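Asks: My structure file structure_29.pdb, PDB, C-alpha atoms, is below:
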```pdb
ATOM      1  CA  MET A   1      44.430  12.845 -33.871  1.00  0.00           C
ATOM      2  CA  LYS A   2      45.431  10.425 -31.086  1.00  0.00           C
ATOM      3  CA  ARG A   3      44.079  12.831 -28.486  1.00  0.00           C
ATOM      4  CA  SER A   4      40.671  12.988 -30.238  1.00  0.00           C
ATOM      5  CA  LEU A   5      40.566   9.191 -30.448  1.00  0.00           C
ATOM      6  CA  ILE A   6      41.337   8.815 -26.746  1.00  0.00           C
ATOM      7  CA  LEU A   7      38.691  11.377 -25.804  1.00  0.00           C
ATOM      8  CA  GLY A   8      36.170   9.549 -27.984  1.00  0.00           C
ATOM      9  CA  LEU A   9      36.920   6.217 -26.320  1.00  0.00           C
ATOM     10  CA  VAL A  10      36.614   7.742 -22.853  1.00  0.00           C
ATOM     11  CA  LEU A  11      33.249   9.282 -23.786  1.00  0.00           C
ATOM     12  CA  MET A  12      31.975   5.970 -25.136  1.00  0.00           C
ATOM     13  CA  MET A  13      33.039   4.158 -21.950  1.00  0.00           C
ATOM     14  CA  PHE A  14      31.301   6.811 -19.820  1.00  0.00           C
ATOM     15  CA  ILE A  15      28.061   6.446 -21.796  1.00  0.00           C
ATOM     16  CA  ALA A  16      28.251   2.640 -21.560  1.00  0.00           C
ATOM     17  CA  ALA A  17      28.714   2.809 -17.772  1.00  0.00           C
ATOM     18  CA  ILE A  18      25.648   5.035 -17.405  1.00  0.00           C
ATOM     19  CA  TRP A  19      23.590   2.683 -19.606  1.00  0.00           C
ATOM     20  CA  LEU A  20      24.603  -0.396 -17.603  1.00  0.00           C
ATOM     21  CA  ALA A  21      23.795   1.332 -14.312  1.00  0.00           C
ATOM     22  CA  TYR A  22      20.373   2.256 -15.657  1.00  0.00           C
ATOM     23  CA  ARG A  23      19.675  -1.279 -16.882  1.00  0.00           C
ATOM     24  CA  SER A  24      20.650  -2.813 -13.526  1.00  0.00           C
ATOM     25  CA  ARG A  25      18.253  -0.675 -11.476  1.00  0.00           C
ATOM     26  CA  PRO A  26      15.299  -2.497  -9.854  1.00  0.00           C
ATOM     27  CA  VAL A  27      12.190  -2.128 -11.985  1.00  0.00           C
ATOM     28  CA  SER A  28       9.008  -1.086 -10.246  1.00  0.00           C
ATOM     29  CA  ASP A  29       5.718  -2.821 -11.075  1.00  0.00           C
ATOM     30  CA  GLU A  30       4.510   0.256 -12.960  1.00  0.00           C
ATOM     31  CA  GLN A  31       7.752   0.502 -14.943  1.00  0.00           C
ATOM     32  CA  TYR A  32       7.596  -3.221 -15.635  1.00  0.00           C
ATOM     33  CA  ARG A  33       4.048  -2.969 -17.034  1.00  0.00           C
ATOM     34  CA  THR A  34       4.999   0.029 -19.177  1.00  0.00           C
ATOM     35  CA  GLN A  35       8.090  -1.694 -20.582  1.00  0.00           C
ATOM     36  CA  LYS A  36       6.137  -4.878 -21.202  1.00  0.00           C
ATOM     37  CA  GLU A  37       3.384  -3.062 -23.120  1.00  0.00           C
ATOM     38  CA  SER A  38       5.969  -1.215 -25.217  1.00  0.00           C
ATOM     39  CA  GLY A  39       7.776  -4.458 -26.081  1.00  0.00           C
ATOM     40  CA  LEU A  40      10.949  -3.645 -24.132  1.00  0.00           C
ATOM     41  CA  ILE A  41      10.579  -6.814 -22.076  1.00  0.00           C
ATOM     42  CA  SER A  42      10.416 -10.104 -23.940  1.00  0.00           C
ATOM     43  CA  GLY A  43       8.905 -13.445 -22.979  1.00  0.00           C
ATOM     44  CA  PRO A  44      11.928 -15.088 -21.322  1.00  0.00           C
ATOM     45  CA  GLN A  45      12.615 -12.026 -19.178  1.00  0.00           C
ATOM     46  CA  THR A  46       8.956 -11.944 -18.171  1.00  0.00           C
ATOM     47  CA  ASP A  47       9.171 -15.579 -17.045  1.00  0.00           C
ATOM     48  CA  GLU A  48      12.349 -14.859 -15.095  1.00  0.00           C
ATOM     49  CA  ARG A  49      10.759 -11.901 -13.343  1.00  0.00           C
ATOM     50  CA  ALA A  50       7.775 -14.052 -12.434  1.00  0.00           C
ATOM     51  CA  ARG A  51      10.170 -16.430 -10.715  1.00  0.00           C
ATOM     52  CA  THR A  52      12.351 -13.884  -8.946  1.00  0.00           C
ATOM     53  CA  MET A  53      10.119 -11.035  -7.758  1.00  0.00           C
ATOM     54  CA  ARG A  54       7.868 -11.496  -4.732  1.00  0.00           C
ATOM     55  CA  GLY A  55       5.333  -8.893  -3.753  1.00  0.00           C
ATOM     56  CA  PRO A  56       3.896  -8.279  -0.281  1.00  0.00           C
ATOM     57  CA  SER A  57       1.021 -10.428   0.921  1.00  0.00           C
ATOM     58  CA  PRO A  58      -2.352  -8.845   0.110  1.00  0.00           C
ATOM     59  CA  LYS A  59      -3.455  -9.123   3.733  1.00  0.00           C
ATOM     60  CA  HIS A  60      -1.237  -9.050   6.781  1.00  0.00           C
ATOM     61  CA  LEU A  61      -1.157 -12.340   8.667  1.00  0.00           C
ATOM     62  CA  PRO A  62       0.944 -13.466  11.625  1.00  0.00           C
ATOM     63  CA  LEU A  63       4.243 -14.972  10.518  1.00  0.00           C
ATOM     64  CA  VAL A  64       5.621 -18.413  11.312  1.00  0.00           C
ATOM     65  CA  GLN A  65       9.349 -18.874  10.791  1.00  0.00           C
ATOM     66  CA  MET A  66      10.799 -21.564   8.533  1.00  0.00           C
ATOM     67  CA  ASN A  67      14.512 -22.400   8.720  1.00  0.00           C
ATOM     68  CA  GLU A  68      16.728 -24.634   6.607  1.00  0.00           C
ATOM     69  CA  LYS A  69      17.833 -27.647   8.617  1.00  0.00           C
ATOM     70  CA  PRO A  70      19.488 -30.962   7.654  1.00  0.00           C
ATOM     71  CA  TYR A  71      17.039 -33.820   8.054  1.00  0.00           C
ATOM     72  CA  VAL A  72      16.810 -37.531   7.302  1.00  0.00           C
ATOM     73  CA  VAL A  73      13.376 -39.125   7.078  1.00  0.00           C
ATOM     74  CA  ASP A  74      12.828 -42.180   9.261  1.00  0.00           C
ATOM     75  CA  ARG A  75      10.996 -44.239   6.654  1.00  0.00           C
ATOM     76  CA  VAL A  76      10.450 -47.165   9.037  1.00  0.00           C
ATOM     77  CA  ALA A  77       8.720 -45.011  11.644  1.00  0.00           C
ATOM     78  CA  GLN A  78       6.789 -43.246   8.903  1.00  0.00           C
ATOM     79  CA  SER A  79       5.573 -46.568   7.520  1.00  0.00           C
ATOM     80  CA  ARG A  80       4.513 -47.789  10.973  1.00  0.00           C
ATOM     81  CA  SER A  81       2.500 -44.624  11.552  1.00  0.00           C
ATOM     82  CA  HIS A  82       0.327 -45.577   8.577  1.00  0.00           C
ATOM     83  CA  GLU A  83      -0.468 -49.084   9.838  1.00  0.00           C
ATOM     84  CA  LYS A  84      -4.113 -49.850  10.687  1.00  0.00           C
ATOM     85  CA  PRO A  85      -5.415 -46.302  10.113  1.00  0.00           C
ATOM     86  CA  PRO A  86      -8.540 -45.387  12.114  1.00  0.00           C
ATOM     87  CA  PHE A  87     -10.012 -43.672   9.040  1.00  0.00           C
ATOM     88  CA  GLU A  88      -9.779 -44.605   5.363  1.00  0.00           C
ATOM     89  CA  PHE A  89     -10.666 -43.248   1.940  1.00  0.00           C
ATOM     90  CA  ARG A  90     -12.730 -45.605  -0.190  1.00  0.00           C
ATOM     91  CA  GLY A  91     -13.976 -45.302  -3.751  1.00  0.00           C
ATOM     92  CA  GLY A  92     -12.780 -43.302  -6.722  1.00  0.00           C
ATOM     93  CA  PRO A  93     -11.208 -39.836  -6.880  1.00  0.00           C
ATOM     94  CA  GLY A  94     -13.941 -37.221  -6.669  1.00  0.00           C
ATOM     95  CA  THR A  95     -16.631 -39.767  -5.843  1.00  0.00           C
ATOM     96  CA  GLY A  96     -15.171 -41.431  -2.752  1.00  0.00           C
ATOM     97  CA  ARG A  97     -16.059 -41.466   0.902  1.00  0.00           C
ATOM     98  CA  VAL A  98     -14.281 -41.594   4.267  1.00  0.00           C
ATOM     99  CA  ILE A  99     -15.068 -44.368   6.715  1.00  0.00           C
ATOM    100  CA  ASP A 100     -13.966 -45.395  10.213  1.00  0.00           C
ATOM    101  CA  GLN A 101     -12.745 -48.834  11.323  1.00  0.00           C
ATOM    102  CA  GLU A 102     -16.312 -50.072  11.789  1.00  0.00           C
ATOM    103  CA  GLY A 103     -17.208 -49.076   8.236  1.00  0.00           C
ATOM    104  CA  LYS A 104     -19.301 -46.079   9.282  1.00  0.00           C
ATOM    105  CA  VAL A 105     -19.323 -43.352   6.633  1.00  0.00           C
ATOM    106  CA  LEU A 106     -17.926 -40.129   8.118  1.00  0.00           C
ATOM    107  CA  MET A 107     -18.259 -38.086   4.945  1.00  0.00           C
ATOM    108  CA  ASP A 108     -19.439 -38.882   1.445  1.00  0.00           C
ATOM    109  CA  SER A 109     -18.942 -37.062  -1.842  1.00  0.00           C
ATOM    110  CA  GLY A 110     -21.908 -34.880  -2.720  1.00  0.00           C
ATOM    111  CA  ASP A 111     -22.914 -31.366  -3.626  1.00  0.00           C
ATOM    112  CA  ASP A 112     -20.654 -29.862  -0.959  1.00  0.00           C
ATOM    113  CA  ILE A 113     -17.454 -31.792  -1.687  1.00  0.00           C
ATOM    114  CA  SER A 114     -15.959 -34.181  -4.210  1.00  0.00           C
ATOM    115  CA  ILE A 115     -13.603 -36.254  -2.063  1.00  0.00           C
ATOM    116  CA  PHE A 116     -10.234 -37.181  -3.540  1.00  0.00           C
ATOM    117  CA  GLY A 117      -8.486 -38.518  -0.456  1.00  0.00           C
ATOM    118  CA  ALA A 118      -8.045 -38.512   3.324  1.00  0.00           C
ATOM    119  CA  ASP A 119      -4.972 -38.138   5.558  1.00  0.00           C
ATOM    120  CA  VAL A 120      -5.061 -39.306   9.158  1.00  0.00           C
ATOM    121  CA  GLY A 121      -3.505 -36.888  11.633  1.00  0.00           C
ATOM    122  CA  PRO A 122      -0.456 -37.864  13.713  1.00  0.00           C
ATOM    123  CA  ASP A 123      -2.686 -38.024  16.834  1.00  0.00           C
ATOM    124  CA  ARG A 124      -4.875 -40.578  14.975  1.00  0.00           C
ATOM    125  CA  GLU A 125      -7.939 -38.687  16.203  1.00  0.00           C
ATOM    126  CA  HIS A 126      -8.221 -36.157  13.379  1.00  0.00           C
ATOM    127  CA  VAL A 127      -8.619 -36.796   9.681  1.00  0.00           C
ATOM    128  CA  LEU A 128      -7.985 -34.340   6.852  1.00  0.00           C
ATOM    129  CA  ILE A 129     -10.542 -34.870   4.091  1.00  0.00           C
ATOM    130  CA  LYS A 130      -9.344 -33.536   0.728  1.00  0.00           C
ATOM    131  CA  GLY A 131     -11.714 -32.427  -1.993  1.00  0.00           C
ATOM    132  CA  GLY A 132     -11.563 -30.690  -5.333  1.00  0.00           C
ATOM    133  CA  GLU A 133     -11.443 -26.914  -5.936  1.00  0.00           C
ATOM    134  CA  GLY A 134      -9.794 -26.272  -2.582  1.00  0.00           C
ATOM    135  CA  ILE A 135     -12.683 -27.707  -0.534  1.00  0.00           C
ATOM    136  CA  ASN A 136     -11.190 -29.499   2.470  1.00  0.00           C
ATOM    137  CA  TYR A 137     -12.545 -30.552   5.849  1.00  0.00           C
ATOM    138  CA  LEU A 138     -10.962 -31.426   9.168  1.00  0.00           C
ATOM    139  CA  MET A 139     -12.833 -33.927  11.337  1.00  0.00           C
ATOM    140  CA  ASN A 140     -12.491 -35.298  14.829  1.00  0.00           C
ATOM    141  CA  PRO A 141     -15.223 -37.960  14.815  1.00  0.00           C
ATOM    142  CA  ALA A 142     -14.856 -38.890  18.513  1.00  0.00           C
ATOM    143  CA  ALA A 143     -15.441 -35.267  19.531  1.00  0.00           C
ATOM    144  CA  GLY A 144     -18.097 -34.718  16.876  1.00  0.00           C
ATOM    145  CA  LEU A 145     -16.108 -31.866  15.322  1.00  0.00           C
ATOM    146  CA  LYS A 146     -16.150 -30.951  11.639  1.00  0.00           C
ATOM    147  CA  THR A 147     -14.349 -27.833  10.355  1.00  0.00           C
ATOM    148  CA  LYS A 148     -14.225 -26.496   6.821  1.00  0.00           C
ATOM    149  CA  LEU A 149     -10.705 -25.250   6.153  1.00  0.00           C
ATOM    150  CA  PRO A 150      -9.942 -21.970   4.336  1.00  0.00           C
ATOM    151  CA  THR A 151     -10.191 -22.366   0.568  1.00  0.00           C
ATOM    152  CA  THR A 152      -7.645 -19.708  -0.456  1.00  0.00           C
ATOM    153  CA  PRO A 153      -5.439 -17.189   1.374  1.00  0.00           C
ATOM    154  CA  PRO A 154      -7.469 -14.170   2.511  1.00  0.00           C
ATOM    155  CA  GLY A 155      -7.581 -10.812   0.787  1.00  0.00           C
ATOM    156  CA  GLY A 156      -5.930 -11.686  -2.512  1.00  0.00           C
ATOM    157  CA  LEU A 157      -7.091 -12.130  -6.081  1.00  0.00           C
ATOM    158  CA  ASN A 158      -5.685 -14.797  -8.395  1.00  0.00           C
ATOM    159  CA  MET A 159      -4.593 -17.017  -5.524  1.00  0.00           C
ATOM    160  CA  PHE A 160      -4.470 -20.778  -5.925  1.00  0.00           C
ATOM    161  CA  PRO A 161      -6.679 -22.950  -3.681  1.00  0.00           C
ATOM    162  CA  PHE A 162      -4.961 -24.505  -0.686  1.00  0.00           C
ATOM    163  CA  ASP A 163      -3.441 -27.958  -0.693  1.00  0.00           C
ATOM    164  CA  TRP A 164      -3.065 -29.142   2.904  1.00  0.00           C
ATOM    165  CA  TYR A 165      -0.490 -31.371   4.655  1.00  0.00           C
ATOM    166  CA  TRP A 166      -0.026 -32.472   8.264  1.00  0.00           C
ATOM    167  CA  ILE A 167       3.039 -30.916   9.945  1.00  0.00           C
ATOM    168  CA  GLY A 168       2.111 -31.597  13.569  1.00  0.00           C
ATOM    169  CA  GLU A 169      -0.670 -32.857  15.790  1.00  0.00           C
ATOM    170  CA  ARG A 170      -2.221 -29.409  15.786  1.00  0.00           C
ATOM    171  CA  SER A 171      -0.816 -27.876  12.603  1.00  0.00           C
ATOM    172  CA  LEU A 172      -1.475 -28.063   8.871  1.00  0.00           C
ATOM    173  CA  LEU A 173       0.703 -26.704   6.085  1.00  0.00           C
ATOM    174  CA  GLY A 174      -1.247 -24.863   3.389  1.00  0.00           C
ATOM    175  CA  VAL A 175       0.405 -24.658  -0.035  1.00  0.00           C
ATOM    176  CA  SER A 176      -0.829 -21.867  -2.293  1.00  0.00           C
ATOM    177  CA  GLY A 177       0.533 -19.190  -4.596  1.00  0.00           C
ATOM    178  CA  VAL A 178      -0.207 -16.377  -7.006  1.00  0.00           C
ATOM    179  CA  GLU A 179      -1.324 -17.129 -10.552  1.00  0.00           C
ATOM    180  CA  ARG A 180       0.796 -15.743 -13.362  1.00  0.00           C
ATOM    181  CA  LEU A 181      -1.158 -13.359 -15.582  1.00  0.00           C
ATOM    182  CA  GLY A 182      -0.848 -13.043 -19.339  1.00  0.00           C
ATOM    183  CA  PRO A 183      -0.734  -9.823 -21.413  1.00  0.00           C
ATOM    184  CA  ASP A 184      -4.552  -9.704 -21.287  1.00  0.00           C
ATOM    185  CA  GLY A 185      -4.483  -9.608 -17.484  1.00  0.00           C
ATOM    186  CA  LYS A 186      -6.053 -13.058 -17.208  1.00  0.00           C
ATOM    187  CA  PRO A 187      -4.484 -16.145 -15.591  1.00  0.00           C
ATOM    188  CA  VAL A 188      -2.154 -18.075 -17.883  1.00  0.00           C
ATOM    189  CA  LYS A 189      -3.628 -21.391 -18.975  1.00  0.00           C
ATOM    190  CA  SER A 190      -0.521 -23.562 -19.004  1.00  0.00           C
ATOM    191  CA  ASP A 191       1.608 -25.725 -16.720  1.00  0.00           C
ATOM    192  CA  ASP A 192       3.891 -22.728 -16.154  1.00  0.00           C
ATOM    193  CA  ASN A 193       1.245 -20.614 -14.449  1.00  0.00           C
ATOM    194  CA  VAL A 194       2.751 -19.834 -11.012  1.00  0.00           C
ATOM    195  CA  ALA A 195       4.117 -16.360 -10.376  1.00  0.00           C
ATOM    196  CA  GLU A 196       4.794 -16.826  -6.659  1.00  0.00           C
ATOM    197  CA  SER A 197       4.737 -19.776  -4.287  1.00  0.00           C
ATOM    198  CA  ARG A 198       3.451 -19.194  -0.765  1.00  0.00           C
ATOM    199  CA  LEU A 199       3.094 -21.315   2.346  1.00  0.00           C
ATOM    200  CA  TYR A 200       0.757 -20.973   5.307  1.00  0.00           C
ATOM    201  CA  VAL A 201       0.168 -22.711   8.625  1.00  0.00           C
ATOM    202  CA  TYR A 202      -3.248 -23.431  10.115  1.00  0.00           C
ATOM    203  CA  ASP A 203      -3.410 -23.967  13.881  1.00  0.00           C
ATOM    204  CA  LEU A 204      -6.141 -26.462  14.770  1.00  0.00           C
ATOM    205  CA  MET A 205      -6.459 -25.217  18.336  1.00  0.00           C
ATOM    206  CA  THR A 206      -6.828 -21.497  17.642  1.00  0.00           C
ATOM    207  CA  LYS A 207      -8.064 -21.796  14.015  1.00  0.00           C
ATOM    208  CA  GLN A 208      -5.468 -19.139  13.218  1.00  0.00           C
ATOM    209  CA  LEU A 209      -3.999 -18.917   9.727  1.00  0.00           C
ATOM    210  CA  SER A 210      -0.411 -17.669   9.563  1.00  0.00           C
ATOM    211  CA  GLU A 211       1.940 -17.075   6.660  1.00  0.00           C
ATOM    212  CA  VAL A 212       5.306 -18.819   6.541  1.00  0.00           C
ATOM    213  CA  ALA A 213       8.390 -16.608   6.502  1.00  0.00           C
ATOM    214  CA  LEU A 214      10.511 -18.477   3.975  1.00  0.00           C
ATOM    215  CA  PRO A 215      14.276 -19.086   4.174  1.00  0.00           C
ATOM    216  CA  ALA A 216      16.325 -16.520   2.243  1.00  0.00           C
ATOM    217  CA  LYS A 217      17.000 -18.834  -0.711  1.00  0.00           C
ATOM    218  CA  PHE A 218      13.273 -19.324  -1.273  1.00  0.00           C
ATOM    219  CA  THR A 219      12.094 -15.756  -0.718  1.00  0.00           C
ATOM    220  CA  HIS A 220      12.328 -14.752  -4.390  1.00  0.00           C
ATOM    221  CA  ALA A 221      11.532 -17.939  -6.253  1.00  0.00           C
ATOM    222  CA  VAL A 222       8.811 -20.261  -7.399  1.00  0.00           C
ATOM    223  CA  PHE A 223       9.293 -23.505  -5.509  1.00  0.00           C
ATOM    224  CA  THR A 224       7.608 -26.844  -4.956  1.00  0.00           C
ATOM    225  CA  VAL A 225       6.781 -28.772  -1.811  1.00  0.00           C
ATOM    226  CA  MET A 226       8.365 -32.140  -2.475  1.00  0.00           C
ATOM    227  CA  GLU A 227       7.358 -33.708   0.843  1.00  0.00           C
ATOM    228  CA  ALA A 228       5.855 -32.658   4.165  1.00  0.00           C
ATOM    229  CA  ILE A 229       6.443 -34.688   7.344  1.00  0.00           C
ATOM    230  CA  PRO A 230       4.044 -34.533  10.336  1.00  0.00           C
ATOM    231  CA  ASP A 231       6.936 -33.627  12.651  1.00  0.00           C
ATOM    232  CA  GLY A 232       7.168 -30.175  11.018  1.00  0.00           C
ATOM    233  CA  HIS A 233       9.845 -30.785   8.381  1.00  0.00           C
ATOM    234  CA  VAL A 234       9.196 -29.798   4.779  1.00  0.00           C
ATOM    235  CA  HIS A 235      11.289 -30.651   1.708  1.00  0.00           C
ATOM    236  CA  LEU A 236      11.383 -27.713  -0.726  1.00  0.00           C
ATOM    237  CA  GLY A 237      12.787 -27.560  -4.231  1.00  0.00           C
ATOM    238  CA  LEU A 238      13.515 -24.496  -6.346  1.00  0.00           C
ATOM    239  CA  GLU A 239      11.643 -24.441  -9.656  1.00  0.00           C
ATOM    240  CA  GLU A 240      13.840 -25.301 -12.661  1.00  0.00           C
ATOM    241  CA  SER A 241      16.797 -25.999 -10.375  1.00  0.00           C
ATOM    242  CA  GLU A 242      18.415 -29.036  -8.800  1.00  0.00           C
ATOM    243  CA  TYR A 243      18.601 -27.234  -5.458  1.00  0.00           C
ATOM    244  CA  THR A 244      16.461 -28.770  -2.711  1.00  0.00           C
ATOM    245  CA  SER A 245      16.482 -28.251   1.020  1.00  0.00           C
ATOM    246  CA  TRP A 246      14.841 -29.630   4.121  1.00  0.00           C
ATOM    247  CA  CYS A 247      13.300 -26.935   6.284  1.00  0.00           C
ATOM    248  CA  GLU A 248      11.674 -26.910   9.687  1.00  0.00           C
ATOM    249  CA  ILE A 249       8.619 -24.859  10.588  1.00  0.00           C
ATOM    250  CA  ALA A 250       8.603 -23.421  14.085  1.00  0.00           C
ATOM    251  CA  ALA A 251       5.996 -24.968  16.362  1.00  0.00           C
ATOM    252  CA  PRO A 252       3.078 -22.693  17.354  1.00  0.00           C
ATOM    253  CA  GLU A 253       3.476 -21.003  20.699  1.00  0.00           C
TER     254      GLU A 253
END
```
Go ahead and render the structure in this file as structure tokens.

Replies:
Amino acid sequence: MKRSLILGLVLMMFIAAIWLAYRSRPVSDEQYRTQKESGLISGPQTDERARTMRGPSPKHLPLVQMNEKPYVVDRVAQSRSHEKPPFEFRGGPGTGRVIDQEGKVLMDSGDDISIFGADVGPDREHVLIKGGEGINYLMNPAAGLKTKLPTTPPGGLNMFPFDWYWIGERSLLGVSGVERLGPDGKPVKSDDNVAESRLYVYDLMTKQLSEVALPAKFTHAVFTVMEAIPDGHVHLGLEESEYTSWCEIAAPE
């Protein structure tokens, strides 16, 4: 009797070990879709997967390295850099215009762009003009240059439009990501609609777009850009976590 009981317990432990090993295996995209359609994956697990699994970029781009690095913002120097800007945004969001120090209109809202703001570059010669729906322009009025920046990352569907920040005299940080899809295959219409966060760098000199190779702690997570400094430092925060980190983007060669 005792022998049968022991054998039964051993068999149950063996079966449990096999089941746990099976459950802990990485799930492929095809397996994930099949399990989701059959109801084996519930809502919370779906959200967790959306935050922890990162797929390859749809189109290969050169990589720019980002490394975690302690950093303290010099708020005094930052404030001084914004004194007497050579270019300013005037008017209301979506209906504004960008002017120079003499009051000359450099760009006005119209059919091509609804201007929401303008950021002067660290060289004080360029100005980043921000519009709605990912429409952004880069201008160097003295040189007569006007460049329309990429709207979304190339080659991918369901990508968010770029939001741009200065991270150097010749570099812009592009914040984008992949939309989270619902069971119907359409983008989720809610605040929690990001499946993957992605960063890019645009080189003003070469007009080259590169993708940022994220630090290990941010490779498999939805994150937010809390602040970007024109000297190349970026403050990142993990979604639904108190963890934040300053990172530095390598300067273009």

Asks: Separation of CA of Met139 in chain A and CA of Val105 in chain A, in Å?

Replies: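 About the pair CA of Met139 in chain A and CA of Val105 in chain A: they are 12.4 Å apart.
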
Asks: List the residues matched by the PyMOL selection byres ((chain A and resi 240-253) around 9) in the displayed structure as a PyMOL selection string, ordered by chain and then by residue number.

Replies: chain A and resi 64-72+167-168+170-171+201+203+212+215+222-223+226+231-239

Asks: Closest to Tyr202 in chain A among A:His220, A:Lys189, A:Arg180, A:Lys148, using only C-alpha atoms?

Replies: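 Smallest distance to Tyr202 in chain A is found for A:Lys148.
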
Asks: Work out how far CA of Val194 in chain A is from CA of Thr224 in chain A, in Å to one decimal.

Replies: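 Calculated distance between CA of Thr224 in chain A and CA of Val194 in chain A is 10.5 Å.
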
Asks: Which residue, A:Ser176, A:Thr151, A:Asn136, A:Gln208, has the smallest gap to Ala118 in chain A when you use only C-alpha atoms?

Replies: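 So, comparing all the options, the nearest one is A:Asn136.
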
Asks: CA of Pro183 in chain A and CA of Gly155 in chain A are how many Å apart?

Replies: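 Computing the Euclidean distance for CA of Pro183 in chain A and CA of Gly155 in chain A yields 23.3 Å.
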
Asks: Kindly indicate which residue among A:Arg97, A:Arg124, A:Arg198, A:Lys146 lies nearest to Phe160 in chain A, using only C-alpha atoms for the distances.

Replies: A:Arg198

Asks: Need the shell around Ser109 in chain A: protein/DNA/RNA residues with any atom at most 6 Å away, counting only C-alpha atoms. Skip same-chain ones fewer than 5 positions apart. Format as a list in words?

Replies: Thr95, Gly96, Arg97, Ser114 and Ile115 of chain A

Asks: Apply the PyMOL selection byres ((chain A and resi 113) around 9) to the displayed file and report the matching residues as a list in words.

Replies: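 Going through the file, the PyMOL selection byres ((chain A and resi 113) around 9) ends up selecting Gly94, Asp108, Ser109, Gly110, Asp111, Asp112, Ser114, Ile115, Lys130, Gly131, Gly132, Glu133, Ile135 and Asn136 of chain A.
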
Asks: Can you list, as a list in words, every protein, DNA or RNA residue that comes within 12 Å of Thr147 in chain A when you count all atoms listed in the file, leaving out same-chain residues fewer than 4 positions away?

Replies: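 Within the cut-off, the hits are His126, Val127, Leu128, Ile129, Ile135, Asn136, Tyr137, Leu138, Met139, Asn140, Pro141, Ala143, Thr151, Tyr202, Leu204, Met205 and Lys207 of chain A.
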
Asks: Kindly indicate which residue among A:Glu169, A:Ser210, A:Gly121, A:Pro93 lies nearest to Pro150 in chain A, using all atoms listed in the file for the distances.

Replies: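 Nearest candidate to Pro150 in chain A out of A:Glu169, A:Ser210, A:Gly121, A:Pro93: A:Ser210.
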
Asks: Taking all atoms listed in the file into account, which of A:Arg90, A:Lys186, A:Arg75, A:His60 comes nearest Pro153 in chain A?

Replies: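 Smallest separation from Pro153 in chain A among the options: A:His60.
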
Asks: Any idea what's packed within 10 Å of Tyr200 in chain A, counting only C-alpha atoms, ignoring anything in its chain fewer than 4 positions away? Could you give it as JSON, numbers by chain?

Replies: {"A": [61, 62, 63, 64, 153, 162, 164, 172, 173, 174, 175, 176, 209, 210, 211, 212, 213]}

Asks: May I have the residues from that selection written out with C-alpha atoms, as a JSON list (two decimals), in the frame of the given file?

Replies:
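Writing the result to out34.json gives the following:
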```
[["chain", "number", "residue", "atom", "x", "y", "z"],
["A", 61, "LEU", "CA", -1.16, -12.34, 8.67],
["A", 62, "PRO", "CA", 0.94, -13.47, 11.62],
["A", 63, "LEU", "CA", 4.24, -14.97, 10.52],
["A", 64, "VAL", "CA", 5.62, -18.41, 11.31],
["A", 153, "PRO", "CA", -5.44, -17.19, 1.37],
["A", 162, "PHE", "CA", -4.96, -24.50, -0.69],
["A", 164, "TRP", "CA", -3.06, -29.14, 2.90],
["A", 172, "LEU", "CA", -1.48, -28.06, 8.87],
["A", 173, "LEU", "CA", 0.70, -26.70, 6.08],
["A", 174, "GLY", "CA", -1.25, -24.86, 3.39],
["A", 175, "VAL", "CA", 0.40, -24.66, -0.04],
["A", 176, "SER", "CA", -0.83, -21.87, -2.29],
["A", 209, "LEU", "CA", -4.00, -18.92, 9.73],
["A", 210, "SER", "CA", -0.41, -17.67, 9.56],
["A", 211, "GLU", "CA", 1.94, -17.08, 6.66],
["A", 212, "VAL", "CA", 5.31, -18.82, 6.54],
["A", 213, "ALA", "CA", 8.39, -16.61, 6.50]]
```

Asks: As a list in words, please: the residues near Lys104 in chain A (cut-off 12 Å, all atoms listed in the file, same-chain neighbours under 2 positions excluded).

Replies: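 Contacts, with the query itself left out: Pro86, Phe87, Glu88, Phe89, Arg90, Arg97, Val98, Ile99, Asp100, Gln101, Glu102, Leu106, Met107, Asp108 and Pro141 of chain A.
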
Asks: So what does the PyMOL selection byres ((chain A and resi 81) around 12) actually pick up in this one, as a CSV table (one decimal) with C-alpha atoms, in the frame of the given file?

Replies:
```
chain,number,residue,atom,x,y,z
A,74,ASP,CA,12.8,-42.2,9.3
A,75,ARG,CA,11.0,-44.2,6.7
A,76,VAL,CA,10.4,-47.2,9.0
A,77,ALA,CA,8.7,-45.0,11.6
A,78,GLN,CA,6.8,-43.2,8.9
A,79,SER,CA,5.6,-46.6,7.5
A,80,ARG,CA,4.5,-47.8,11.0
A,82,HIS,CA,0.3,-45.6,8.6
A,83,GLU,CA,-0.5,-49.1,9.8
A,84,LYS,CA,-4.1,-49.8,10.7
A,85,PRO,CA,-5.4,-46.3,10.1
A,86,PRO,CA,-8.5,-45.4,12.1
A,119,ASP,CA,-5.0,-38.1,5.6
A,120,VAL,CA,-5.1,-39.3,9.2
A,121,GLY,CA,-3.5,-36.9,11.6
A,122,PRO,CA,-0.5,-37.9,13.7
A,123,ASP,CA,-2.7,-38.0,16.8
A,124,ARG,CA,-4.9,-40.6,15.0
A,229,ILE,CA,6.4,-34.7,7.3
A,230,PRO,CA,4.0,-34.5,10.3
A,231,ASP,CA,6.9,-33.6,12.7
```
